[in-house]
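A short write-up of the structure that comes next.
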Amino acid sequence: MPTKNTAKRGEKKSRRSDAYQQILLAIIFEDLPPGSGVDDKRLAEQFGLGLAVVRDALARLALEGLVERHARIGTRIPDLSLREMQEVFEARVVMEGAAAALAAERATPQELAKLRDAFAGIEASIGERDYRTVVLMDQDFHMQLAAMTKNGHMERSIRQLHSNALRFWYFGLTRLDPAIVLQDIKTHLAVADAIEQRDPKAAAAAMRAVIGVFPDNMRFFMAGSDALQQALHSDDLTPVGHVLAD
């Protein structure tokens, strides 16, 4: 039977998790824009959270590269840089391809059913251009697949990589034709098909197709901006936020 101390620890962990997720989504959805400063007291007030849990969340986000902390300067949201995109997506191609292969060997039928349900209602969300919901569905899909590996180290690594990738994906998502977005989501379902067929090689290949290889994937997601296209084809790795500002 759980003790009072156990219950308190569980509540504290839940508050920390909630704070982390709320701030993470604010970063992904650019409510906290790239390059902006972060005031922990203001965040606590904005989200109705305790200052201690906000500071814990910011510390975790700093370890994951989603915020930067500088002595005498403070905390800020990193710019969206082309180099960061390249590194994140190169790592995801390797890590999530391997995760899909493991999932094909280890996933239960119940887990597979939940994976397919991750994108339930996706056509309506895309039709309404409700891209925040689309991002949450994508997050759910990839986190479920990571859990299906039954490998805690891999799951944690994928969670961190995917959180970083969602910043770039949301940036491009809002600029894409909805038909292209829907087609991209359909490639995710090919991963589920391969897992259901218990085919590790096909699952890995399907996941690599979902993620793509930089810079082709980034040209796709960031299409529509001449400045960005020029930056993608040049050796200048100026932060994307600065390119847009120009």
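Ordered as shown in the structure tokens, chains take letters A, B, and onward, while each chain numbers its residues from 1 and ligands are numbered from 1 in the order shown.
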Excluding Gly50 in chain A and any residue of its chain fewer than 4 positions from it, enumerate the residues within 12 Å of it, using only C-alpha atoms, and give them as a ChimeraX atom specification.
/A:12,15-16,18-19,40-46,54-57
When you look at range 120-134 of chain A with a cut-off of 12 Å (counting only C-alpha atoms), what residues show up, excluding the ones that are within fewer than 5 positions of it in the same chain? I need them as a VMD selection string.
chain A and resid 25 to 26 28 to 31 113 to 115 139 to 141 166 to 167 169 to 186 188 to 189
Applying 9 Å and only C-alpha atoms, which residues near Gly74 in chain A remain after dropping the ones on its own chain fewer than 5 positions away? List them as a ChimeraX atom specification.
/A:37-39,68-69
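Interatomic distance, CA of Met137 in chain A to CA of His162 in chain A: 12.6 Å.
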Determine, counting only C-alpha atoms, which protein, DNA and RNA residues have an atom within 9 Å of an atom of Ala205 in chain A; residues of the same chain fewer than 3 positions away are not included. Present the result as a PDB file with all heavy atoms, in the first residue's frame.
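After the write, part-v1.pdb holds the following:
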```
ATOM      1  N   GLY A  97      15.539   4.542 -37.082  1.00  0.00           N
ATOM      2  CA  GLY A  97      15.519   3.379 -37.967  1.00  0.00           C
ATOM      3  C   GLY A  97      15.747   2.107 -37.171  1.00  0.00           C
ATOM      4  O   GLY A  97      15.033   1.105 -37.333  1.00  0.00           O
ATOM      5  N   ALA A 100      12.646   1.285 -35.019  1.00  0.00           N
ATOM      6  CA  ALA A 100      11.561   0.659 -35.774  1.00  0.00           C
ATOM      7  C   ALA A 100      11.836  -0.827 -35.976  1.00  0.00           C
ATOM      8  O   ALA A 100      10.928  -1.665 -35.887  1.00  0.00           O
ATOM      9  CB  ALA A 100      11.376   1.357 -37.115  1.00  0.00           C
ATOM     10  N   ALA A 101      13.101  -1.176 -36.235  1.00  0.00           N
ATOM     11  CA  ALA A 101      13.471  -2.583 -36.402  1.00  0.00           C
ATOM     12  C   ALA A 101      13.231  -3.368 -35.114  1.00  0.00           C
ATOM     13  O   ALA A 101      12.685  -4.484 -35.130  1.00  0.00           O
ATOM     14  CB  ALA A 101      14.935  -2.690 -36.829  1.00  0.00           C
ATOM     15  N   VAL A 191       5.340   2.558 -41.676  1.00  0.00           N
ATOM     16  CA  VAL A 191       6.160   2.018 -40.590  1.00  0.00           C
ATOM     17  C   VAL A 191       5.334   1.041 -39.758  1.00  0.00           C
ATOM     18  O   VAL A 191       5.787  -0.062 -39.436  1.00  0.00           O
ATOM     19  CB  VAL A 191       6.701   3.153 -39.685  1.00  0.00           C
ATOM     20  CG1 VAL A 191       7.515   2.573 -38.531  1.00  0.00           C
ATOM     21  CG2 VAL A 191       7.534   4.136 -40.485  1.00  0.00           C
ATOM     22  N   PRO A 200      11.718  -6.413 -39.587  1.00  0.00           N
ATOM     23  CA  PRO A 200      12.609  -5.369 -39.079  1.00  0.00           C
ATOM     24  C   PRO A 200      13.269  -4.531 -40.176  1.00  0.00           C
ATOM     25  O   PRO A 200      13.378  -3.308 -40.039  1.00  0.00           O
ATOM     26  CB  PRO A 200      13.658  -6.159 -38.283  1.00  0.00           C
ATOM     27  CG  PRO A 200      12.975  -7.419 -37.896  1.00  0.00           C
ATOM     28  CD  PRO A 200      12.076  -7.744 -39.057  1.00  0.00           C
ATOM     29  N   LYS A 201      13.724  -5.173 -41.250  1.00  0.00           N
ATOM     30  CA  LYS A 201      14.394  -4.424 -42.314  1.00  0.00           C
ATOM     31  C   LYS A 201      13.441  -3.445 -42.985  1.00  0.00           C
ATOM     32  O   LYS A 201      13.796  -2.290 -43.248  1.00  0.00           O
ATOM     33  CB  LYS A 201      14.977  -5.386 -43.350  1.00  0.00           C
ATOM     34  CG  LYS A 201      16.200  -6.157 -42.851  1.00  0.00           C
ATOM     35  CD  LYS A 201      16.799  -7.007 -43.958  1.00  0.00           C
ATOM     36  CE  LYS A 201      18.041  -7.744 -43.464  1.00  0.00           C
ATOM     37  NZ  LYS A 201      18.636  -8.587 -44.539  1.00  0.00           N
ATOM     38  N   ALA A 202      12.218  -3.897 -43.253  1.00  0.00           N
ATOM     39  CA  ALA A 202      11.236  -3.013 -43.883  1.00  0.00           C
ATOM     40  C   ALA A 202      10.826  -1.888 -42.947  1.00  0.00           C
ATOM     41  O   ALA A 202      10.610  -0.752 -43.378  1.00  0.00           O
ATOM     42  CB  ALA A 202      10.008  -3.824 -44.303  1.00  0.00           C
ATOM     43  N   ARG A 208      13.276   5.363 -42.032  1.00  0.00           N
ATOM     44  CA  ARG A 208      14.256   6.246 -42.680  1.00  0.00           C
ATOM     45  C   ARG A 208      13.587   7.095 -43.756  1.00  0.00           C
ATOM     46  O   ARG A 208      13.946   8.263 -43.958  1.00  0.00           O
ATOM     47  CB  ARG A 208      15.400   5.426 -43.274  1.00  0.00           C
ATOM     48  CG  ARG A 208      16.356   4.847 -42.228  1.00  0.00           C
ATOM     49  CD  ARG A 208      17.640   4.351 -42.854  1.00  0.00           C
ATOM     50  NE  ARG A 208      17.406   3.211 -43.739  1.00  0.00           N
ATOM     51  CZ  ARG A 208      17.435   1.944 -43.347  1.00  0.00           C
ATOM     52  NH1 ARG A 208      17.685   1.650 -42.079  1.00  0.00           N
ATOM     53  NH2 ARG A 208      17.225   0.977 -44.208  1.00  0.00           N
ATOM     54  N   ALA A 209      12.591   6.528 -44.438  1.00  0.00           N
ATOM     55  CA  ALA A 209      11.849   7.286 -45.443  1.00  0.00           C
ATOM     56  C   ALA A 209      11.035   8.403 -44.803  1.00  0.00           C
ATOM     57  O   ALA A 209      10.882   9.488 -45.366  1.00  0.00           O
ATOM     58  CB  ALA A 209      10.932   6.354 -46.231  1.00  0.00           C
ATOM     59  N   VAL A 210      10.501   8.152 -43.605  1.00  0.00           N
ATOM     60  CA  VAL A 210       9.743   9.176 -42.874  1.00  0.00           C
ATOM     61  C   VAL A 210      10.649  10.354 -42.526  1.00  0.00           C
ATOM     62  O   VAL A 210      10.313  11.519 -42.723  1.00  0.00           O
ATOM     63  CB  VAL A 210       9.138   8.588 -41.579  1.00  0.00           C
ATOM     64  CG1 VAL A 210       8.639   9.704 -40.654  1.00  0.00           C
ATOM     65  CG2 VAL A 210       7.980   7.641 -41.908  1.00  0.00           C
TER      66      VAL A 210
END
```
When distances are computed from only C-alpha atoms, which of A:Pro109, A:Glu196, A:Ala103, A:Leu58 shows the smallest separation from Gln144 in chain A?
A:Ala103
Every residue of range 13-243 of chain A that DSSP places in strand (DSSP E or B), as a count of residues only:
8
Excluding same-chain residues fewer than 6 positions from Glu105 in chain A, what lies within 8 Å of it counting only C-alpha atoms, as a PyMOL selection string?
chain A and resi 195+198-200
Å distance separating CA of Gly35 in chain A from CA of Asp79 in chain A, one decimal place:
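Going from CA of Gly35 in chain A over to CA of Asp79 in chain A, I get 5.2 Å.
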For range 85-89 of chain A, please output as a ChimeraX atom specification all residues within 7 Å (counting only C-alpha atoms; exclusion window: fewer than 2 positions along the same chain).
/A:81-83,91-93,161,165,213-214
Contact residues around Gly65 in chain A with only C-alpha atoms at 9 Å, ignoring same-chain residues under 6 positions, as a list in words:
Pro78, Gln160 and Asn164 of chain A
Writing out the chosen residues with N, CA and C atoms as a JSON list (two decimals), in the first residue's frame:
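Final file, part34.json:
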```
[["chain", "number", "residue", "atom", "x", "y", "z"],
["A", 78, "PRO", "N", 17.28, 28.79, -28.06],
["A", 78, "PRO", "CA", 18.27, 28.78, -29.14],
["A", 78, "PRO", "C", 17.65, 29.14, -30.49],
["A", 160, "GLN", "N", 14.57, 12.92, -26.73],
["A", 160, "GLN", "CA", 15.32, 14.18, -26.80],
["A", 160, "GLN", "C", 15.49, 14.63, -28.25],
["A", 164, "ASN", "N", 13.74, 18.08, -30.21],
["A", 164, "ASN", "CA", 14.50, 19.07, -30.98],
["A", 164, "ASN", "C", 13.99, 19.15, -32.41]]
```
